[in-house]
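As provided, data-v5.cif (mmCIF, C-alpha atoms) reads as follows.
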data_query
loop_
_atom_site.label_atom_id
_atom_site.label_comp_id
_atom_site.auth_asym_id
_atom_site.auth_seq_id
_atom_site.Cartn_x
_atom_site.Cartn_y
_atom_site.Cartn_z
CA ALA A 22 211.46 54.90 -38.71
CA VAL A 23 207.95 54.28 -39.81
CA LEU A 24 204.81 54.55 -37.76
CA VAL A 25 202.47 51.62 -38.21
CA LEU A 26 198.95 51.33 -36.92
CA VAL A 27 197.35 47.96 -37.40
CA HIS A 28 193.63 48.10 -36.69
CA SER A 29 192.70 44.58 -37.70
CA PRO A 30 189.69 43.31 -35.73
CA LEU A 31 191.10 39.77 -35.47
CA PRO A 32 193.80 39.49 -32.81
CA ARG A 33 195.65 36.59 -34.45
CA LEU A 34 195.82 38.31 -37.80
CA ARG A 35 196.99 41.43 -36.04
CA ALA A 36 199.74 39.52 -34.22
CA LEU A 37 200.86 37.89 -37.48
CA LEU A 38 201.00 41.20 -39.29
CA GLN A 39 202.99 42.73 -36.46
CA ARG A 40 205.49 39.88 -36.55
CA CYS A 41 205.89 40.12 -40.33
CA TRP A 42 206.30 43.87 -40.12
CA GLY A 43 208.88 43.49 -37.35
CA ARG A 44 210.89 41.07 -39.48
CA LEU A 45 210.70 43.36 -42.49
CA GLU A 46 211.89 46.34 -40.42
CA ARG A 47 214.85 44.53 -38.97
CA GLY A 48 215.87 43.15 -42.31
CA LEU A 49 215.40 39.58 -41.22
CA TRP A 50 213.35 38.74 -44.31
CA PRO A 51 215.84 38.99 -47.13
CA GLY A 52 213.75 37.35 -49.86
CA VAL A 53 210.94 39.91 -49.99
CA PHE A 54 212.49 42.83 -51.86
CA GLY A 55 214.99 40.91 -53.94
CA GLY A 56 218.10 42.02 -52.02
CA GLN A 57 217.52 45.79 -52.22
CA SER A 58 216.46 47.98 -49.33
CA PRO A 59 212.76 48.29 -48.62
CA PRO A 60 211.26 51.07 -50.73
CA TRP A 61 209.72 53.14 -47.99
CA GLY A 62 210.98 56.62 -47.86
CA ALA A 63 207.87 58.32 -46.70
CA ALA A 64 205.68 55.37 -46.13
CA LEU A 65 202.34 56.10 -44.56
CA ALA A 66 200.76 54.01 -41.91
CA VAL A 67 197.94 51.98 -43.30
CA GLN A 68 194.70 51.32 -41.53
CA GLY A 69 194.28 47.76 -40.33
CA PRO A 70 191.18 46.78 -42.23
CA ALA A 71 192.74 47.70 -45.65
CA LEU A 72 195.58 45.23 -45.06
CA VAL A 73 193.17 42.39 -44.46
CA PRO A 74 193.32 40.45 -47.78
CA GLU A 75 189.84 39.15 -48.59
CA GLY A 76 187.05 37.30 -46.91
CA ILE A 77 185.31 38.72 -43.88
CA SER A 78 184.97 42.48 -44.31
CA GLY A 79 183.36 43.86 -41.20
CA ALA A 80 182.18 41.59 -38.46
CA GLU A 81 178.47 41.30 -37.66
CA ALA A 82 179.15 42.16 -34.08
CA PRO A 83 182.28 41.98 -31.94
CA GLY A 84 182.30 38.84 -29.87
CA LEU A 85 180.21 36.71 -32.32
CA PRO A 86 182.03 33.58 -33.51
CA GLY A 87 182.94 33.41 -37.22
CA SER A 88 180.92 30.23 -37.98
CA VAL A 89 177.40 31.60 -38.71
CA VAL A 90 175.16 29.74 -41.21
CA TRP A 91 173.62 31.93 -43.95
CA MET A 92 170.00 30.88 -44.72
CA ALA A 93 167.75 31.78 -47.66
CA ALA A 94 164.90 34.13 -46.85
CA PRO A 95 162.38 35.90 -49.04
CA LYS A 96 163.45 39.37 -49.95
CA HIS A 97 160.10 40.84 -50.89
CA ARG A 98 156.49 40.28 -49.99
CA ARG A 99 154.61 38.26 -52.61
CA THR A 100 151.71 40.35 -53.79
CA ILE A 101 148.18 39.03 -53.65
CA GLU A 102 148.06 38.91 -57.46
CA VAL A 103 151.07 36.61 -57.61
CA ASN A 104 149.68 34.54 -54.74
CA ARG A 105 146.35 34.15 -56.51
CA CYS A 106 148.05 33.01 -59.72
CA ARG A 107 149.91 30.34 -57.80
CA ARG A 108 147.00 29.18 -55.64
CA ARG A 109 144.47 29.02 -58.45
CA HIS A 110 146.63 27.33 -61.07
CA PRO A 111 144.70 24.40 -62.67
CA SER A 112 147.24 21.88 -61.43
CA LYS A 113 146.39 22.86 -57.84
CA LEU A 114 142.62 22.72 -58.17
CA ILE A 115 140.65 19.57 -57.37
CA GLU A 116 139.73 17.82 -60.63
CA ILE A 117 136.09 16.99 -61.17
CA LYS A 118 135.27 13.32 -61.55
CA ARG A 119 133.16 12.39 -64.55
CA ASN A 120 133.09 8.63 -63.88
CA ILE A 121 130.29 8.54 -61.28
CA ASP A 122 127.20 6.52 -62.18
CA VAL A 123 124.11 5.08 -60.55
CA CYS A 124 124.13 1.42 -59.55
CA PRO A 125 121.33 -0.34 -61.47
CA GLU A 126 120.65 -2.72 -58.58
CA CYS A 127 120.26 -0.41 -55.58
CA GLY A 128 120.34 3.12 -57.00
CA ASN A 129 123.32 4.30 -54.96
CA LEU A 130 126.14 6.20 -56.60
CA LYS A 131 129.21 4.28 -57.69
CA GLN A 132 132.32 4.88 -59.75
CA LYS A 133 132.22 3.17 -63.13
CA HIS A 134 135.24 0.91 -62.56
CA VAL A 135 134.52 0.17 -58.86
CA LEU A 136 131.92 -2.14 -57.32
CA CYS A 137 128.88 -0.52 -55.67
CA GLY A 138 129.60 -0.04 -51.95
CA TYR A 139 126.11 -0.97 -50.79
CA CYS A 140 125.84 -4.12 -52.92
CA TYR A 141 129.34 -5.19 -51.89
CA ALA A 142 128.50 -4.67 -48.20
CA LYS A 143 125.41 -6.89 -48.65
CA VAL A 144 127.49 -9.64 -50.28
CA LYS A 145 130.22 -9.29 -47.65
CA GLU A 146 127.74 -9.74 -44.81
CA GLU A 147 126.21 -12.81 -46.43
CA THR A 148 129.66 -14.38 -47.02
CA ARG A 149 130.52 -13.68 -43.38
CA LEU A 150 127.46 -15.64 -42.23
CA ILE A 151 128.20 -18.46 -44.68
CA ARG A 152 131.78 -18.63 -43.39
CA MET A 153 130.47 -18.85 -39.82
CA GLU A 154 128.39 -21.88 -40.84
CA ILE A 155 131.45 -23.39 -42.56
CA HIS A 156 133.49 -22.84 -39.42
CA LYS A 157 130.85 -24.56 -37.30
CA LYS A 158 130.78 -27.48 -39.73
CA GLU A 159 134.56 -27.88 -39.90
CA GLY A 160 134.95 -27.75 -36.16
CA GLY A 161 138.59 -26.76 -35.85
CA PRO A 162 141.45 -25.14 -37.79
CA PHE A 163 143.14 -26.81 -40.78
CA ASN A 164 140.14 -28.94 -41.74
CA ALA A 165 139.74 -27.79 -45.33
CA PRO A 166 137.53 -30.30 -47.19
CA THR A 167 138.66 -32.19 -50.27
CA VAL A 168 135.28 -31.78 -52.02
CA GLU A 169 133.44 -28.79 -53.44
CA THR A 170 130.97 -26.79 -51.35
CA VAL A 171 127.39 -25.72 -52.09
CA VAL A 172 125.21 -23.34 -50.09
CA LEU A 173 121.52 -24.19 -49.66
CA TYR A 174 118.87 -21.98 -48.11
CA GLU A 175 115.63 -22.86 -46.36
CA GLY A 176 113.51 -25.43 -48.11
CA GLU A 177 116.04 -26.30 -50.80
CA LYS A 178 117.12 -29.79 -51.71
CA PRO A 179 120.45 -30.70 -53.29
CA THR A 180 120.07 -31.35 -57.00
CA GLU A 181 121.88 -34.06 -59.00
CA LYS A 182 124.56 -31.49 -59.86
CA ASP A 183 125.36 -31.24 -56.15
CA GLU A 184 126.34 -34.90 -55.85
CA GLY A 185 129.33 -35.41 -53.57
CA LYS A 186 129.55 -31.80 -52.48
CA ARG A 187 129.68 -30.58 -48.91
CA ILE A 188 126.38 -28.83 -48.09
CA ILE A 189 126.28 -25.65 -46.03
CA GLU A 190 122.81 -24.77 -44.72
CA ARG A 191 121.76 -21.19 -44.15
CA ALA A 192 118.67 -20.65 -42.06
CA ARG A 193 116.97 -18.01 -44.15
CA LYS A 194 115.15 -17.52 -47.42
CA ARG A 195 117.36 -17.35 -50.51
CA PRO A 196 118.17 -13.66 -51.32
CA SER A 197 116.99 -12.55 -54.76
CA TRP A 198 120.48 -11.56 -55.88
CA PHE A 199 121.99 -14.99 -55.11
CA VAL A 200 120.82 -17.09 -58.02
CA GLN A 201 121.04 -20.85 -57.61
CA ASN A 202 122.98 -22.58 -60.39
CA MET B 14 178.12 3.24 -72.75
CA ARG B 15 176.09 3.19 -69.59
CA LEU B 16 177.14 0.16 -67.59
CA SER B 17 175.00 0.71 -64.52
CA VAL B 18 171.46 1.91 -63.98
CA ALA B 19 170.99 5.25 -62.27
CA ALA B 20 169.10 5.14 -59.00
CA ALA B 21 165.33 5.95 -59.03
CA ILE B 22 164.82 4.76 -62.63
CA SER B 23 162.75 1.58 -62.79
CA HIS B 24 161.90 1.22 -66.47
CA GLY B 25 160.64 -2.23 -67.31
CA ARG B 26 160.56 -3.58 -63.77
CA VAL B 27 157.46 -5.75 -63.45
CA TYR B 28 157.59 -6.81 -59.82
CA ARG B 29 156.43 -4.39 -57.13
CA ARG B 30 158.35 -3.97 -53.88
CA PHE B 31 156.54 -5.09 -50.74
CA GLY B 32 157.56 -5.69 -47.16
CA LEU B 33 161.07 -5.36 -45.76
CA SER B 34 163.05 -7.36 -48.32
CA PRO B 35 162.50 -9.64 -51.37
CA ARG B 36 162.17 -12.62 -49.04
CA SER B 37 159.59 -10.75 -46.98
CA ARG B 38 157.72 -9.86 -50.18
CA LEU B 39 157.51 -13.54 -51.09
CA ASP B 40 156.31 -14.43 -47.59
CA LEU B 41 153.61 -11.78 -47.81
CA LEU B 42 152.41 -13.04 -51.19
CA ARG B 43 152.59 -16.60 -49.95
CA ASN B 44 150.26 -15.75 -47.05
CA LEU B 45 147.84 -14.14 -49.46
CA VAL B 46 147.88 -17.16 -51.81
CA THR B 47 147.23 -19.48 -48.85
CA ALA B 48 144.31 -17.31 -47.73
CA LEU B 49 142.89 -17.25 -51.26
CA VAL B 50 143.03 -21.03 -51.56
CA ARG B 51 141.43 -21.43 -48.15
CA HIS B 52 138.66 -18.83 -48.35
CA GLU B 53 138.31 -18.50 -52.16
CA ARG B 54 137.59 -14.78 -51.85
CA ILE B 55 139.75 -12.21 -50.06
CA GLU B 56 139.81 -8.46 -49.74
CA THR B 57 143.24 -6.85 -49.76
CA PRO B 58 144.98 -3.73 -51.11
CA TRP B 59 144.80 -3.67 -54.90
CA ALA B 60 148.54 -3.76 -55.48
CA ARG B 61 148.96 -6.91 -53.38
CA ALA B 62 146.01 -8.59 -55.05
CA ASP B 63 147.36 -7.75 -58.49
CA GLU B 64 150.81 -9.07 -57.61
CA MET B 65 149.43 -12.20 -56.01
CA ARG B 66 147.14 -13.02 -58.94
CA GLY B 67 149.94 -14.17 -61.19
CA TYR B 68 151.44 -16.43 -58.55
CA ALA B 69 148.03 -17.97 -57.72
CA GLU B 70 147.26 -18.73 -61.37
CA ARG B 71 150.68 -20.29 -61.95
CA LEU B 72 150.19 -22.41 -58.84
CA ILE B 73 146.91 -23.73 -60.26
CA ASP B 74 148.68 -24.46 -63.57
CA TYR B 75 151.23 -26.50 -61.65
CA ALA B 76 148.43 -28.26 -59.75
CA LYS B 77 146.80 -29.25 -63.04
CA ARG B 78 149.85 -31.43 -63.75
CA GLY B 79 148.63 -33.78 -61.04
CA ASP B 80 149.92 -34.55 -57.58
CA LYS B 81 152.25 -37.31 -58.76
CA ASP B 82 154.42 -34.61 -60.36
CA GLU B 83 157.41 -33.84 -58.16
CA ARG B 84 157.78 -30.17 -59.15
CA ALA B 85 154.07 -29.54 -58.67
CA MET B 86 154.16 -31.00 -55.18
CA ARG B 87 157.24 -28.95 -54.24
CA MET B 88 155.60 -25.77 -55.53
CA ALA B 89 152.42 -26.47 -53.60
CA ASP B 90 154.46 -27.28 -50.52
CA PHE B 91 156.28 -23.95 -50.71
CA TRP B 92 153.33 -21.73 -51.60
CA LEU B 93 150.71 -23.16 -49.23
CA THR B 94 151.78 -22.73 -45.64
CA GLU B 95 148.77 -24.67 -44.30
CA LYS B 96 149.32 -28.22 -45.45
CA ASP B 97 145.68 -29.32 -45.54
CA LEU B 98 145.21 -26.87 -48.42
CA ILE B 99 147.57 -28.92 -50.60
CA HIS B 100 144.89 -31.62 -50.61
CA LYS B 101 142.22 -29.04 -51.46
CA LEU B 102 144.37 -27.64 -54.27
CA PHE B 103 144.97 -30.98 -56.00
CA LYS B 104 141.58 -32.56 -55.34
CA VAL B 105 139.17 -29.62 -55.63
CA LEU B 106 140.74 -26.72 -57.55
CA ALA B 107 142.64 -28.67 -60.20
CA PRO B 108 139.53 -30.59 -61.41
CA ARG B 109 137.42 -27.44 -61.16
CA PHE B 110 139.71 -25.53 -63.51
CA GLN B 111 140.57 -28.41 -65.85
CA PRO B 112 138.30 -27.14 -68.68
CA HIS B 113 139.65 -23.55 -68.35
CA SER B 114 142.96 -22.68 -69.94
CA GLY B 115 143.85 -19.61 -67.88
CA SER B 116 142.35 -16.73 -65.82
CA TYR B 117 141.14 -18.67 -62.82
CA THR B 118 140.78 -15.56 -60.67
CA ARG B 119 138.66 -12.44 -60.80
CA LEU B 120 140.01 -9.12 -59.50
CA LEU B 121 137.54 -6.31 -58.81
CA GLN B 122 138.12 -2.94 -57.22
CA ILE B 123 136.03 -1.93 -54.21
CA PRO B 124 135.60 1.47 -52.53
CA ASN B 125 138.66 2.75 -50.67
CA ARG B 126 139.39 1.46 -47.21
CA ASP B 127 137.59 3.22 -44.33
CA GLY B 128 140.70 3.80 -42.23
CA LEU B 129 143.03 6.79 -42.23
CA ASP B 130 145.02 5.57 -45.23
CA ARG B 131 142.05 5.33 -47.67
CA ALA B 132 143.95 2.58 -49.48
CA LYS B 133 142.82 1.32 -52.89
CA MET B 134 141.28 -2.07 -52.09
CA ALA B 135 140.34 -4.99 -54.28
CA VAL B 136 138.57 -8.29 -53.84
CA ILE B 137 140.14 -11.29 -55.56
CA GLU B 138 138.25 -14.55 -55.86
CA LEU B 139 138.61 -17.90 -57.54
CA LYS B 140 136.01 -18.42 -60.25
CA GLY B 141 133.35 -21.06 -59.64
CA ASN B 142 133.27 -20.63 -55.87
CA ALA B 143 130.22 -21.36 -53.74
CA LEU B 144 129.90 -17.87 -52.29
CA PRO B 145 127.31 -15.29 -53.39
CA PRO B 146 128.30 -13.56 -56.66
CA LEU B 147 129.88 -10.12 -56.49
CA VAL B 148 128.61 -8.85 -59.83
CA ARG B 149 125.41 -9.86 -61.56
CA PRO B 150 125.71 -10.05 -65.32
CA ARG B 151 123.26 -7.59 -66.84
CA ARG B 152 121.55 -8.66 -69.98
CA ASP B 153 120.10 -5.94 -72.14
CA SER B 154 116.32 -6.20 -72.05
CA GLU B 155 113.77 -5.50 -74.79
CA LYS B 156 111.61 -3.55 -72.35
CA THR B 157 113.92 -0.60 -71.58
CA LEU B 158 112.83 2.78 -72.88
CA LEU B 159 115.80 3.20 -75.18
CA ASN B 160 115.31 -0.20 -76.78
CA GLN B 161 111.58 0.42 -77.28
CA LEU B 162 112.31 3.76 -78.97
CA LEU B 163 114.93 2.17 -81.22
CA LYS B 164 112.51 -0.62 -82.12
CA GLY B 165 109.86 1.93 -83.03
CA TYR B 166 112.36 3.86 -85.16
CA ARG B 167 113.40 0.70 -86.99
CA GLN B 168 109.75 -0.18 -87.70
CA ASP B 169 109.07 3.32 -89.03
CA ALA B 170 112.11 3.10 -91.30
CA GLN B 171 110.96 -0.28 -92.65
CA ARG B 172 107.44 1.00 -93.28
CA ALA B 173 108.82 4.01 -95.10
CA ALA B 174 111.18 1.86 -97.20
CA ALA B 175 108.67 -0.98 -97.96
CA PRO B 176 106.11 0.58 -100.40
#

So, in terms of C-alpha cells, how does the structure I just supplied come out?
Amino acid sequence: AVLVLVHSPLPRLRALLQRCWGRLERGLWPGVFGGQSPPWGAALAVQGPALVPEGISGAEAPGLPGSVVWMAAPKHRRTIEVNRCRRRHPSKLIEIKRNIDVCPECGNLKQKHVLCGYCYAKVKEETRLIRMEIHKKEGGPFNAPTVETVVLYEGEKPTEKDEGKRIIERARKRPSWFVQN
Amino acid sequence: MRLSVAAAISHGRVYRRFGLSPRSRLDLLRNLVTALVRHERIETPWARADEMRGYAERLIDYAKRGDKDERAMRMADFWLTEKDLIHKLFKVLAPRFQPHSGSYTRLLQIPNRDGLDRAKMAVIELKGNALPPLVRPRRDSEKTLLNQLLKGYRQDAQRAAAP
C-alpha cells in the first residue's frame, strides 16, 4: 500500500488526481505501464503542488477567482533628469513664429500670409451695411437681380460705366480705402 | 502584387472628406456655391473654401457656354439650389467673366475663428464684385526711405563712373 497526500489547492484538480490514482492502484488503467506492474516499491507520497503540471503556481489569495487581468504599471520612478529630458525636448517646445509683420495700412500686427484682422473687420462691417441696403432694396428672399450692382456714397453720381447697373446708396462719405473704379 | 489599398493610406487622393457621406459632402459644397453666387463673398473654413473653389470655377465655365446649352442648364440647375440665381449666373456672371480664361475667384486666409475650435478660416469672393476690396494693391513708391537711399547710391556710382 502506498500513502498519498494530495495538497493541490484546486478542488477539481485534486478530485481528478484522486480518481486517477485510485484507478492506477486498482489496476483499472492497463495502458499506463505497458502491461507490467506499477513500479512503486517504496514510492513516497508527493506533495500536491509538485504534481500540478504548469500554469498557476501559487494563488494570489484563497477565494479569489482565477480570471484576474494583469495590467502594465511602471516599475521604477522616473528621475527628474529623465523627466526633464522628455519635457524639454525640442519637439515638445512651442516653436517661435517668424512670419509676423506690421500691416502697412493700420499698423497692427499680422501674419504674412493672412489678412490683417483690423482691416478685415472694417471691410466686413462695411459689407454688412451694404448687404442691409441690398436687402431693403430687394424686398424679399429669392430676388437676385439679373444686372450688375454698384455702390455709391453720398454726393456721387453714376458714371457712364455704371449704365444699366443696379445702384445701392450708402448714406455716408466714401471711405478712403474703398476706391471708386 | 498588392491588389487592395491598406487602410489609412490616402496617397494621391485629391478630394477631401466632408459631412456624413459623399452625398452629404456634395450637398455641403452645393450650399456653399449657392451662397457664393448669391453674396459674391463668403467666409468659411479654409478647407471648404478650397474644395468649393474648383466646383465654382467649373460652374462658371459651364455658364460661359450660354443658357441654350442643355448640359450647362442641367449643371446650373443641380448646383444652384435657389433658382433665381440661375438667371444671375447666366446673365451677370457669364458676361462678367467672358474676357477671363480662368481663376474667377480669390481665396484669402483670415485670422482663426473666435470660437472654441479656432478653425482656419478663409474668405472666398468672385472677382469684379461691387463690395469693398479686401486687399489694396501696394505700389512701390519713389518716396520711401529705402528707395531714396538706393537712388542716391545709384547717382553716386554714376558720378564716380562718368569722368

Enclose the full set of atoms of stretch 116-130 of chain B listed in the file within a box whose edges lie along x, y and z, apply 5 Å of padding to each of the six sides, and report centre and edge lengths in Å to one decimal as JSON.
{"center_x": 140.3, "center_y": -5.9, "center_z": -54.0, "size_x": 19.4, "size_y": 35.5, "size_z": 33.6}

* Contacts of stretch 105-118 of chain A at 12 Å or less, counting only C-alpha atoms, minus same-chain residues fewer than 4 places along, as a list in words? -> Arg99, Thr100, Ile101, Asp122, Lys131, Gln132 and Lys133 of chain A

* Quick one: everything within 9 Å of stretch 182-192 of chain A, counting only C-alpha atoms, minus sequence neighbours fewer than 2 positions away in the same chain. Send it as a PyMOL selection string. => chain A and resi 150-151+154-155+158+166+168-175+179-180+194-195

Take the residues just selected and output them with C-alpha atoms as a CSV table (one decimal), in the frame of the given file.
chain,number,residue,atom,x,y,z
A,150,LEU,CA,127.5,-15.6,-42.2
A,151,ILE,CA,128.2,-18.5,-44.7
A,154,GLU,CA,128.4,-21.9,-40.8
A,155,ILE,CA,131.4,-23.4,-42.6
A,158,LYS,CA,130.8,-27.5,-39.7
A,166,PRO,CA,137.5,-30.3,-47.2
A,168,VAL,CA,135.3,-31.8,-52.0
A,169,GLU,CA,133.4,-28.8,-53.4
A,170,THR,CA,131.0,-26.8,-51.4
A,171,VAL,CA,127.4,-25.7,-52.1
A,172,VAL,CA,125.2,-23.3,-50.1
A,173,LEU,CA,121.5,-24.2,-49.7
A,174,TYR,CA,118.9,-22.0,-48.1
A,175,GLU,CA,115.6,-22.9,-46.4
A,179,PRO,CA,120.4,-30.7,-53.3
A,180,THR,CA,120.1,-31.4,-57.0
A,194,LYS,CA,115.2,-17.5,-47.4
A,195,ARG,CA,117.4,-17.4,-50.5

* To do: Identify every residue of chain B that has at least one atom within 8 Å of any atom of chain A, counting all atoms listed in the file, and report the result as a PyMOL selection string.
  => chain B and resi 51+95-98+100-101+104-105+121-124+142-149

* To do: Find the distance between atom CA of A:Cys41 and atom CA of A:Gln57 and write it in Å to one decimal.
  =>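 Those two atoms sit 17.6 Å apart.
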
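With only C-alpha atoms as the basis for measurement, B:Arg61 is the residue among B:Arg71, B:Arg84, B:Arg152, B:Arg61 that approaches B:Arg38 most closely.
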
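As for atom CA of B:Ala135 and atom CA of B:Glu53, they are spaced 13.8 Å apart.
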
* Asked: What separation in Å, quoted to one decimal, exists between atom CA of B:Thr94 and atom CA of B:Arg26?
  ->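 About the pair atom CA of B:Thr94 and atom CA of B:Arg26: they are 27.8 Å apart.
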
* Asked: Exactly which residues make up the result of the PyMOL selection byres ((chain B and resi 93) around 9) on this file, given as a VMD selection string?
  -> chain B and resid 43 to 44 46 to 48 50 88 to 92 94 to 99

* Asked: Do you know which residues the PyMOL selection byres ((chain B and resi 62) around 10) returns on this file, as a list in words?
  -> Leu42, Leu45, Val46, Leu49, Ile55, Glu56, Thr57, Pro58, Trp59, Ala60, Arg61, Asp63, Glu64, Met65, Arg66, Gly67, Ala69, Leu120, Leu121, Gln122, Met134, Ala135, Val136, Ile137 and Glu138 of chain B

* To do: Rank nothing, just name the residue among B:Arg109, B:His52, B:Arg167, B:Lys77 nearest to A:Met153, using only C-alpha atoms.
  =>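 Of B:Arg109, B:His52, B:Arg167, B:Lys77, the one nearest A:Met153, counting only C-alpha atoms, is B:His52.
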
* Which of these, B:Ser34, B:Tyr28, B:Lys156, B:Leu72, has the shortest distance to B:Met86 once you count only C-alpha atoms? ->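 Checking each of B:Ser34, B:Tyr28, B:Lys156, B:Leu72 against B:Met86, counting only C-alpha atoms, the winner is B:Leu72.
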